[in-house]
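Participant: Take a look at input_21.cif, mmCIF, C-alpha atoms and all ligand atoms; chains and numbers go by the auth columns:
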```cif
data_upload
loop_
_atom_site.group_PDB
_atom_site.id
_atom_site.type_symbol
_atom_site.label_atom_id
_atom_site.label_comp_id
_atom_site.label_asym_id
_atom_site.label_seq_id
_atom_site.Cartn_x
_atom_site.Cartn_y
_atom_site.Cartn_z
_atom_site.B_iso_or_equiv
_atom_site.auth_seq_id
_atom_site.auth_asym_id
ATOM 1 C CA MET A 1 20.662 23.315 -13.523 0.00 1 O
ATOM 2 C CA PRO A 2 18.067 20.943 -11.993 0.00 2 O
ATOM 3 C CA LEU A 3 14.431 21.927 -12.465 0.00 3 O
ATOM 4 C CA PRO A 4 12.732 23.228 -9.319 0.00 4 O
ATOM 5 C CA THR A 5 10.608 20.538 -7.654 0.00 5 O
ATOM 6 C CA VAL A 6 6.880 21.205 -7.965 0.00 6 O
ATOM 7 C CA ASP A 7 5.214 21.500 -4.577 0.00 7 O
ATOM 8 C CA LEU A 8 2.633 18.708 -4.552 0.00 8 O
ATOM 9 C CA ARG A 9 1.182 19.495 -1.154 0.00 9 O
ATOM 10 C CA PRO A 10 -1.216 18.352 0.129 0.00 10 O
ATOM 11 C CA TYR A 11 -1.114 15.330 -2.223 0.00 11 O
ATOM 12 C CA PHE A 12 2.486 14.431 -1.377 0.00 12 O
ATOM 13 C CA VAL A 13 4.085 15.095 1.982 0.00 13 O
ATOM 14 C CA PRO A 14 7.322 13.524 3.257 0.00 14 O
ATOM 15 C CA LEU A 15 6.821 11.799 6.594 0.00 15 O
ATOM 16 C CA VAL A 16 9.789 13.694 8.058 0.00 16 O
ATOM 17 C CA GLU A 17 7.843 16.921 7.573 0.00 17 O
ATOM 18 C CA MET A 18 4.832 15.635 9.516 0.00 18 O
ATOM 19 C CA GLU A 19 4.565 15.819 13.270 0.00 19 O
ATOM 20 C CA GLY A 20 3.496 13.185 15.763 0.00 20 O
ATOM 21 C CA VAL A 21 0.664 10.737 15.293 0.00 21 O
ATOM 22 C CA LEU A 22 -1.253 11.370 12.078 0.00 22 O
ATOM 23 C CA ASP A 23 -4.678 12.921 12.446 0.00 23 O
ATOM 24 C CA TRP A 24 -6.866 11.489 9.660 0.00 24 O
ATOM 25 C CA LYS A 25 -9.467 14.214 10.100 0.00 25 O
ATOM 26 C CA ALA A 26 -6.823 16.923 9.684 0.00 26 O
ATOM 27 C CA ILE A 27 -5.376 15.164 6.614 0.00 27 O
ATOM 28 C CA PHE A 28 -8.655 14.341 4.813 0.00 28 O
ATOM 29 C CA GLY A 29 -11.100 16.803 6.374 0.00 29 O
ATOM 30 C CA ASN A 30 -13.621 14.118 7.342 0.00 30 O
ATOM 31 C CA ASP A 31 -14.094 10.929 9.387 0.00 31 O
ATOM 32 C CA HIS A 32 -14.448 8.525 6.468 0.00 32 O
ATOM 33 C CA PRO A 33 -12.676 5.165 6.711 0.00 33 O
ATOM 34 C CA VAL A 34 -8.999 5.163 5.741 0.00 34 O
ATOM 35 C CA GLU A 35 -7.404 2.484 3.563 0.00 35 O
ATOM 36 C CA MET A 36 -3.644 2.365 3.063 0.00 36 O
ATOM 37 C CA ASP A 37 -1.691 1.278 -0.021 0.00 37 O
ATOM 38 C CA ILE A 38 1.715 0.364 1.392 0.00 38 O
ATOM 39 C CA GLY A 39 4.504 0.611 -1.202 0.00 39 O
ATOM 40 C CA CYS A 40 2.065 2.277 -3.604 0.00 40 O
ATOM 41 C CA GLY A 41 4.696 2.787 -6.311 0.00 41 O
ATOM 42 C CA ARG A 42 3.425 5.133 -9.016 0.00 42 O
ATOM 43 C CA GLY A 43 -0.108 4.880 -7.704 0.00 43 O
ATOM 44 C CA LYS A 44 -2.366 3.153 -10.236 0.00 44 O
ATOM 45 C CA PHE A 45 -4.309 1.253 -7.575 0.00 45 O
ATOM 46 C CA LEU A 46 -4.288 4.277 -5.259 0.00 46 O
ATOM 47 C CA CYS A 47 -5.653 6.665 -7.876 0.00 47 O
ATOM 48 C CA ASP A 48 -8.203 4.198 -9.311 0.00 48 O
ATOM 49 C CA SER A 49 -9.478 3.442 -5.788 0.00 49 O
ATOM 50 C CA THR A 50 -9.578 7.127 -4.833 0.00 50 O
ATOM 51 C CA LEU A 51 -11.754 7.821 -7.892 0.00 51 O
ATOM 52 C CA ALA A 52 -13.955 4.739 -7.523 0.00 52 O
ATOM 53 C CA HIS A 53 -14.565 5.099 -3.772 0.00 53 O
ATOM 54 C CA PRO A 54 -14.997 8.758 -2.783 0.00 54 O
ATOM 55 C CA GLU A 55 -16.601 7.561 0.484 0.00 55 O
ATOM 56 C CA THR A 56 -13.193 6.220 1.575 0.00 56 O
ATOM 57 C CA ASN A 57 -9.925 8.057 2.243 0.00 57 O
ATOM 58 C CA TRP A 58 -6.909 6.487 0.517 0.00 58 O
ATOM 59 C CA LEU A 59 -3.367 6.921 1.788 0.00 59 O
ATOM 60 C CA GLY A 60 -0.355 5.754 -0.193 0.00 60 O
ATOM 61 C CA ALA A 61 2.918 5.113 1.624 0.00 61 O
ATOM 62 C CA GLU A 62 6.020 5.002 -0.526 0.00 62 O
ATOM 63 C CA LEU A 63 9.721 4.965 0.333 0.00 63 O
ATOM 64 C CA ASP A 64 10.871 6.142 -3.084 0.00 64 O
ATOM 65 C CA TYR A 65 10.050 9.843 -3.370 0.00 65 O
ATOM 66 C CA THR A 66 10.152 9.809 -7.179 0.00 66 O
ATOM 67 C CA GLU A 67 7.475 7.117 -7.277 0.00 67 O
ATOM 68 C CA ALA A 68 5.541 8.775 -4.450 0.00 68 O
ATOM 69 C CA ARG A 69 5.512 12.066 -6.335 0.00 69 O
ATOM 70 C CA ARG A 70 4.301 10.293 -9.496 0.00 70 O
ATOM 71 C CA ALA A 71 1.431 8.799 -7.506 0.00 71 O
ATOM 72 C CA ALA A 72 0.636 12.179 -5.944 0.00 72 O
ATOM 73 C CA THR A 73 0.708 13.877 -9.376 0.00 73 O
ATOM 74 C CA ARG A 74 -2.033 11.486 -10.534 0.00 74 O
ATOM 75 C CA LEU A 75 -4.174 12.535 -7.561 0.00 75 O
ATOM 76 C CA ALA A 76 -3.358 16.233 -7.961 0.00 76 O
ATOM 77 C CA LYS A 77 -4.271 16.263 -11.677 0.00 77 O
ATOM 78 C CA ARG A 78 -7.756 15.083 -10.734 0.00 78 O
ATOM 79 C CA SER A 79 -7.957 17.296 -7.591 0.00 79 O
ATOM 80 C CA LEU A 80 -8.988 14.252 -5.553 0.00 80 O
ATOM 81 C CA PRO A 81 -9.705 15.269 -1.944 0.00 81 O
ATOM 82 C CA ASN A 82 -9.714 11.669 -0.655 0.00 82 O
ATOM 83 C CA GLY A 83 -6.250 10.584 -1.825 0.00 83 O
ATOM 84 C CA ARG A 84 -2.862 11.427 -0.341 0.00 84 O
ATOM 85 C CA VAL A 85 0.684 10.039 -0.490 0.00 85 O
ATOM 86 C CA ILE A 86 3.211 10.063 2.315 0.00 86 O
ATOM 87 C CA GLY A 87 6.872 9.653 1.415 0.00 87 O
ATOM 88 C CA GLY A 88 8.754 7.508 3.890 0.00 88 O
ATOM 89 C CA ASP A 89 9.310 4.116 5.434 0.00 89 O
ATOM 90 C CA ALA A 90 6.182 2.085 6.148 0.00 90 O
ATOM 91 C CA HIS A 91 7.818 0.644 9.287 0.00 91 O
ATOM 92 C CA GLU A 92 8.181 4.100 10.808 0.00 92 O
ATOM 93 C CA LEU A 93 4.678 5.028 9.700 0.00 93 O
ATOM 94 C CA LEU A 94 2.943 1.904 11.015 0.00 94 O
ATOM 95 C CA SER A 95 4.924 1.561 14.240 0.00 95 O
ATOM 96 C CA LYS A 96 4.785 5.159 15.480 0.00 96 O
ATOM 97 C CA ARG A 97 2.791 7.522 13.298 0.00 97 O
ATOM 98 C CA VAL A 98 -0.501 5.739 12.657 0.00 98 O
ATOM 99 C CA GLU A 99 -3.040 5.555 15.467 0.00 99 O
ATOM 100 C CA PRO A 100 -3.602 1.907 16.507 0.00 100 O
ATOM 101 C CA HIS A 101 -6.700 0.323 14.909 0.00 101 O
ATOM 102 C CA SER A 102 -7.450 3.380 12.781 0.00 102 O
ATOM 103 C CA VAL A 103 -7.129 1.801 9.312 0.00 103 O
ATOM 104 C CA ALA A 104 -10.039 -0.013 7.638 0.00 104 O
ATOM 105 C CA ALA A 105 -7.809 -1.932 5.224 0.00 105 O
ATOM 106 C CA ALA A 106 -4.151 -2.220 4.276 0.00 106 O
ATOM 107 C CA HIS A 107 -3.152 -3.145 0.722 0.00 107 O
ATOM 108 C CA VAL A 108 0.340 -4.482 0.045 0.00 108 O
ATOM 109 C CA TYR A 109 0.701 -5.214 -3.653 0.00 109 O
ATOM 110 C CA PHE A 110 3.759 -6.767 -5.262 0.00 110 O
ATOM 111 C CA PRO A 111 6.255 -5.993 -2.489 0.00 111 O
ATOM 112 C CA ASP A 112 9.860 -6.088 -3.732 0.00 112 O
ATOM 113 C CA PRO A 113 10.878 -9.764 -3.887 0.00 113 O
ATOM 114 C CA TRP A 114 14.577 -9.325 -3.061 0.00 114 O
ATOM 115 C CA TRP A 115 15.300 -12.531 -4.940 0.00 115 O
ATOM 116 C CA LYS A 116 18.668 -13.494 -3.424 0.00 116 O
ATOM 117 C CA ARG A 117 18.399 -15.450 -0.194 0.00 117 O
ATOM 118 C CA LYS A 118 21.008 -13.193 1.450 0.00 118 O
ATOM 119 C CA HIS A 119 18.722 -10.213 0.680 0.00 119 O
ATOM 120 C CA HIS A 120 15.505 -11.769 2.042 0.00 120 O
ATOM 121 C CA LYS A 121 15.985 -9.804 5.261 0.00 121 O
ATOM 122 C CA ARG A 122 15.299 -6.631 3.249 0.00 122 O
ATOM 123 C CA ARG A 123 11.798 -7.834 2.361 0.00 123 O
ATOM 124 C CA LEU A 124 8.918 -5.684 3.557 0.00 124 O
ATOM 125 C CA PHE A 125 6.735 -8.600 4.674 0.00 125 O
ATOM 126 C CA THR A 126 8.261 -10.099 7.826 0.00 126 O
ATOM 127 C CA ASP A 127 6.779 -11.236 11.128 0.00 127 O
ATOM 128 C CA GLU A 128 7.447 -7.729 12.472 0.00 128 O
ATOM 129 C CA PHE A 129 5.531 -6.219 9.545 0.00 129 O
ATOM 130 C CA ALA A 130 2.580 -8.588 10.134 0.00 130 O
ATOM 131 C CA ASP A 131 2.544 -7.357 13.747 0.00 131 O
ATOM 132 C CA LEU A 132 2.538 -3.755 12.526 0.00 132 O
ATOM 133 C CA LEU A 133 -0.443 -4.521 10.290 0.00 133 O
ATOM 134 C CA ALA A 134 -2.212 -6.013 13.312 0.00 134 O
ATOM 135 C CA ARG A 135 -1.369 -2.829 15.217 0.00 135 O
ATOM 136 C CA VAL A 136 -2.951 -0.393 12.756 0.00 136 O
ATOM 137 C CA VAL A 137 -5.833 -2.319 11.154 0.00 137 O
ATOM 138 C CA LYS A 138 -9.223 -2.055 12.880 0.00 138 O
ATOM 139 C CA HIS A 139 -10.903 -5.099 14.365 0.00 139 O
ATOM 140 C CA GLY A 140 -12.867 -6.553 11.460 0.00 140 O
ATOM 141 C CA GLY A 141 -10.666 -4.690 8.939 0.00 141 O
ATOM 142 C CA PHE A 142 -8.691 -6.291 6.122 0.00 142 O
ATOM 143 C CA VAL A 143 -5.199 -6.870 4.745 0.00 143 O
ATOM 144 C CA HIS A 144 -4.892 -7.547 1.010 0.00 144 O
ATOM 145 C CA SER A 145 -1.633 -8.724 -0.504 0.00 145 O
ATOM 146 C CA TRP A 146 -0.830 -9.913 -4.009 0.00 146 O
ATOM 147 C CA THR A 147 2.456 -10.982 -5.558 0.00 147 O
ATOM 148 C CA ASP A 148 3.748 -12.794 -8.612 0.00 148 O
ATOM 149 C CA VAL A 149 6.499 -14.478 -6.559 0.00 149 O
ATOM 150 C CA GLY A 150 5.189 -17.843 -5.367 0.00 150 O
ATOM 151 C CA GLU A 151 7.889 -18.411 -2.771 0.00 151 O
ATOM 152 C CA TYR A 152 7.314 -14.953 -1.265 0.00 152 O
ATOM 153 C CA PHE A 153 3.561 -15.581 -1.190 0.00 153 O
ATOM 154 C CA GLU A 154 4.196 -18.761 0.807 0.00 154 O
ATOM 155 C CA VAL A 155 6.100 -16.658 3.344 0.00 155 O
ATOM 156 C CA ILE A 156 3.381 -13.965 3.449 0.00 156 O
ATOM 157 C CA SER A 157 0.514 -16.425 3.766 0.00 157 O
ATOM 158 C CA SER A 158 2.321 -18.466 6.368 0.00 158 O
ATOM 159 C CA LEU A 159 2.953 -15.310 8.450 0.00 159 O
ATOM 160 C CA MET A 160 -0.627 -14.108 8.073 0.00 160 O
ATOM 161 C CA ASN A 161 -2.456 -17.452 8.281 0.00 161 O
ATOM 162 C CA HIS A 162 -0.684 -18.286 11.529 0.00 162 O
ATOM 163 C CA HIS A 163 -0.915 -14.810 13.029 0.00 163 O
ATOM 164 C CA ALA A 164 -3.093 -14.779 16.139 0.00 164 O
ATOM 165 C CA GLU A 165 -4.836 -11.554 15.060 0.00 165 O
ATOM 166 C CA PHE A 166 -5.777 -12.485 11.476 0.00 166 O
ATOM 167 C CA THR A 167 -8.132 -14.957 9.805 0.00 167 O
ATOM 168 C CA PRO A 168 -7.672 -15.927 6.139 0.00 168 O
ATOM 169 C CA GLN A 169 -10.519 -15.038 3.767 0.00 169 O
ATOM 170 C CA GLU A 170 -11.333 -15.676 0.106 0.00 170 O
ATOM 171 C CA PRO A 171 -9.681 -12.839 -1.900 0.00 171 O
ATOM 172 C CA PRO A 172 -11.749 -10.827 -4.401 0.00 172 O
ATOM 173 C CA PRO A 173 -11.468 -11.999 -8.019 0.00 173 O
ATOM 174 C CA GLU A 174 -8.548 -10.893 -10.146 0.00 174 O
ATOM 175 C CA PRO A 175 -9.415 -8.385 -12.911 0.00 175 O
ATOM 176 C CA ALA A 176 -9.865 -10.273 -16.182 0.00 176 O
ATOM 177 C CA GLY A 177 -7.140 -8.354 -18.022 0.00 177 O
ATOM 178 C CA ALA A 178 -9.648 -7.558 -20.789 0.00 178 O
ATOM 179 C CA ASN A 179 -7.716 -4.440 -21.774 0.00 179 O
ATOM 180 C CA ASP A 180 -4.421 -2.814 -20.955 0.00 180 O
ATOM 181 C CA LEU A 181 -5.866 -0.851 -18.038 0.00 181 O
ATOM 182 C CA ASP A 182 -7.698 -3.805 -16.510 0.00 182 O
ATOM 183 C CA TYR A 183 -4.999 -4.436 -13.915 0.00 183 O
ATOM 184 C CA LEU A 184 -4.749 -3.625 -10.258 0.00 184 O
ATOM 185 C CA THR A 185 -1.263 -2.120 -10.196 0.00 185 O
ATOM 186 C CA ASN A 186 1.695 -1.487 -12.489 0.00 186 O
ATOM 187 C CA TYR A 187 3.487 -4.560 -11.184 0.00 187 O
ATOM 188 C CA HIS A 188 0.336 -6.626 -11.654 0.00 188 O
ATOM 189 C CA ARG A 189 0.363 -5.601 -15.327 0.00 189 O
ATOM 190 C CA ARG A 190 4.049 -6.421 -15.543 0.00 190 O
ATOM 191 C CA GLY A 191 3.524 -9.882 -14.004 0.00 191 O
ATOM 192 C CA ARG A 192 0.587 -10.671 -16.259 0.00 192 O
ATOM 193 C CA ARG A 193 2.528 -9.595 -19.352 0.00 193 O
ATOM 194 C CA ALA A 194 5.370 -11.901 -18.317 0.00 194 O
ATOM 195 C CA GLY A 195 2.846 -14.758 -18.025 0.00 195 O
ATOM 196 C CA SER A 196 3.434 -15.115 -14.271 0.00 196 O
ATOM 197 C CA ASN A 197 0.955 -16.605 -11.878 0.00 197 O
ATOM 198 C CA ILE A 198 -0.565 -14.039 -9.512 0.00 198 O
ATOM 199 C CA TRP A 199 -1.051 -15.084 -5.892 0.00 199 O
ATOM 200 C CA ARG A 200 -3.696 -13.177 -3.953 0.00 200 O
ATOM 201 C CA GLY A 201 -4.287 -13.095 -0.221 0.00 201 O
ATOM 202 C CA LEU A 202 -6.930 -11.551 2.003 0.00 202 O
ATOM 203 C CA TRP A 203 -6.968 -11.637 5.795 0.00 203 O
ATOM 204 C CA GLN A 204 -9.415 -10.200 8.277 0.00 204 O
ATOM 205 C CA ARG A 205 -8.278 -8.598 11.541 0.00 205 O
ATOM 206 C CA ARG A 206 -9.915 -10.308 14.524 0.00 206 O
HETATM 207 C C1 LIG B . 7.703 -3.739 -6.645 0.00 301 O
HETATM 208 S S1 LIG B . 7.106 -2.173 -6.208 0.00 301 O
HETATM 209 C C2 LIG B . 5.319 -2.381 -6.283 0.00 301 O
HETATM 210 C C3 LIG B . 4.607 -1.061 -6.414 0.00 301 O
HETATM 211 C C4 LIG B . 3.074 -1.164 -6.494 0.00 301 O
HETATM 212 N N1 LIG B . 2.510 -1.679 -5.248 0.00 301 O
HETATM 213 C C5 LIG B . 2.650 -2.045 -7.632 0.00 301 O
HETATM 214 O O1 LIG B . 2.132 -3.149 -7.392 0.00 301 O
HETATM 215 O O2 LIG B . 2.828 -1.615 -8.784 0.00 301 O
HETATM 216 C C6 LIG B . 7.349 -2.134 -4.434 0.00 301 O
HETATM 217 C C7 LIG B . 7.281 -0.721 -3.889 0.00 301 O
HETATM 218 O O3 LIG B . 7.376 -0.770 -2.469 0.00 301 O
HETATM 219 C C8 LIG B . 8.157 0.335 -2.045 0.00 301 O
HETATM 220 N N2 LIG B . 8.702 0.043 -0.716 0.00 301 O
HETATM 221 C C9 LIG B . 9.634 -0.876 -0.403 0.00 301 O
HETATM 222 N N3 LIG B . 9.898 -0.861 0.914 0.00 301 O
HETATM 223 C C10 LIG B . 9.096 0.097 1.451 0.00 301 O
HETATM 224 C C11 LIG B . 8.926 0.615 2.763 0.00 301 O
HETATM 225 N N4 LIG B . 9.636 0.127 3.794 0.00 301 O
HETATM 226 N N5 LIG B . 8.042 1.617 2.960 0.00 301 O
HETATM 227 C C12 LIG B . 7.335 2.124 1.913 0.00 301 O
HETATM 228 N N6 LIG B . 7.469 1.671 0.640 0.00 301 O
HETATM 229 C C13 LIG B . 8.327 0.684 0.417 0.00 301 O
HETATM 230 C C14 LIG B . 9.228 0.441 -3.116 0.00 301 O
HETATM 231 O O4 LIG B . 9.852 1.713 -3.132 0.00 301 O
HETATM 232 C C15 LIG B . 8.417 0.158 -4.378 0.00 301 O
HETATM 233 O O5 LIG B . 7.885 1.327 -4.951 0.00 301 O
#
```
Kindly present the structure from the file in structure tokens form.
Facilitator:
Amino acid sequence: MPLPTVDLRPYFVPLVEMEGVLDWKAIFGNDHPVEMDIGCGRGKFLCDSTLAHPETNWLGAELDYTEARRAATRLAKRSLPNGRVIGGDAHELLSKRVEPHSVAAAHVYFPDPWWKRKHHKRRLFTDEFADLLARVVKHGGFVHSWTDVGEYFEVISSLMNHHAEFTPQEPPPEPAGANDLDYLTNYHRRGRRAGSNIWRGLWQRR
């Protein structure tokens, strides 16, 4: 018999169980800036950031509920009031459920590469997605994106560098990798261990 699923509310909530446009104050209990980790996976960056920056609210968005629940478990174990995970599709979230210009920064780390050319249309980062980022990020806010797939980074940077609403900026330095926890995300660690180059991008919303 399958084990009963632990209720991780309020740390994990499926988007389908939320109504209307998200109210950050109702979710986090304050008006602090909100940063989103889109495709947060199992939540290393989300949890580290939530701990390091209590003055900011951190929202993970993750399609895969198993990964989303792992990320939420990390937050729940530490009873972090400023971190939450929503399970669902980032397109739905960014196009309809997030208030326009209500997000201080969006982080998109190591989006699935979908290596085969015939699968490229499944990639998260498309011109439509860049428009959705422009929709939700505040004027003066930021989009961070890293990947270990050079060809995908060319696509991402071309979309963002040429987008009318974004200006490219110098990205923050990469962690030195001094120890096994000195990585931004799980996929960053994986890429570094494989000896891959890591491409980093930062864009500011006009
Ligand atoms: C390669 S993993 C990277 C996870 C994490 N950012 C990291 O760097 O370790 C990409 C993640 O994006 C999630 N994802 C893909 N498409 C998504 C979408 N449309 N909405 C939300 N999450 C998505 C996947 O389920 C997966 O967990």
Participant: Quick one: residues within 6 Å of region 17-28 of chain O, all atoms listed in the file counted, chain neighbours fewer than 2 positions away excluded, as a list of chain:residue names?
Facilitator: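 Listed by chain and then number, they are O:Pro14, O:Leu15, O:Asn30, O:Asp31, O:Arg97, O:Val98.
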Participant: May I have the protein, DNA and RNA residues with an atom at most 8 Å from (-3.3, -9.2, 1.2), counting all atoms listed in the file in the file's coordinates, returned as a PyMOL selection string?
Facilitator: chain O and resi 106-109+142-146+171+200-203
Participant: On this file, the PyMOL selection byres (((chain O and resi 9) around 12) and not hetatm) gives some set of residues; write that set as a list in words.
Facilitator: Thr5, Val6, Asp7, Leu8, Pro10, Tyr11, Phe12, Val13, Pro14, Glu17, Met18, Ile27, Arg69, Ala72, Thr73, Leu75, Ala76, Ser79, Pro81, Gly83, Arg84, Val85, Ile86 and Gly87 of chain O
Participant: Measure the distance from CA of His91 (chain O) to atom C11 of ligand LIG 301 (chain O) in Å and round it to one decimal.
Facilitator: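 We find that CA of His91 (chain O) and atom C11 of ligand LIG 301 (chain O) lie 6.6 Å from each other.
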Participant: Figure out the distance between CA of Leu46 (chain O) and CA of Lys116 (chain O), please, to one decimal in Å.
Facilitator: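 So the answer is 29.1 Å.
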Participant: Just region 6-21 of chain O, please, as a CSV table (one decimal), in the first residue's frame (only N, CA and C atoms).
Facilitator:
```csv
chain,number,residue,atom,x,y,z
O,6,VAL,N,2.7,13.2,3.0
O,6,VAL,CA,2.7,14.2,4.1
O,6,VAL,C,2.2,15.5,3.5
O,7,ASP,N,1.4,16.2,4.3
O,7,ASP,CA,0.9,17.5,3.9
O,7,ASP,C,2.0,18.5,4.2
O,8,LEU,N,2.5,19.1,3.2
O,8,LEU,CA,3.6,20.1,3.3
O,8,LEU,C,3.1,21.5,3.3
O,9,ARG,N,1.8,21.7,3.3
O,9,ARG,CA,1.3,23.1,3.4
O,9,ARG,C,1.9,23.8,4.6
O,10,PRO,N,2.2,25.1,4.6
O,10,PRO,CA,2.1,26.0,3.4
O,10,PRO,C,3.3,26.0,2.5
O,11,TYR,N,4.3,25.0,2.8
O,11,TYR,CA,5.6,25.1,2.0
O,11,TYR,C,5.4,24.6,0.6
O,12,PHE,N,4.5,23.7,0.4
O,12,PHE,CA,4.2,23.2,-1.0
O,12,PHE,C,2.7,23.3,-1.2
O,13,VAL,N,2.4,23.9,-2.3
O,13,VAL,CA,1.0,24.0,-2.7
O,13,VAL,C,0.9,23.8,-4.2
O,14,PRO,N,0.1,22.9,-4.7
O,14,PRO,CA,-0.1,22.8,-6.1
O,14,PRO,C,-0.9,24.0,-6.7
O,15,LEU,N,-0.4,24.5,-7.8
O,15,LEU,CA,-1.1,25.6,-8.4
O,15,LEU,C,-2.6,25.4,-8.6
O,16,VAL,N,-2.9,24.2,-9.0
O,16,VAL,CA,-4.4,23.9,-9.2
O,16,VAL,C,-5.2,24.1,-8.0
O,17,GLU,N,-4.6,24.1,-6.8
O,17,GLU,CA,-5.4,24.3,-5.6
O,17,GLU,C,-5.4,25.8,-5.1
O,18,MET,N,-4.8,26.6,-6.0
O,18,MET,CA,-4.7,28.0,-5.6
O,18,MET,C,-5.7,28.8,-6.5
O,19,GLU,N,-6.3,29.8,-6.0
O,19,GLU,CA,-7.3,30.6,-6.7
O,19,GLU,C,-6.8,31.9,-7.2
O,20,GLY,N,-7.1,32.2,-8.5
O,20,GLY,CA,-6.9,33.6,-9.0
O,20,GLY,C,-5.4,34.0,-9.1
O,21,VAL,N,-5.3,35.3,-9.0
O,21,VAL,CA,-4.0,35.9,-9.1
O,21,VAL,C,-3.4,35.8,-7.6
```
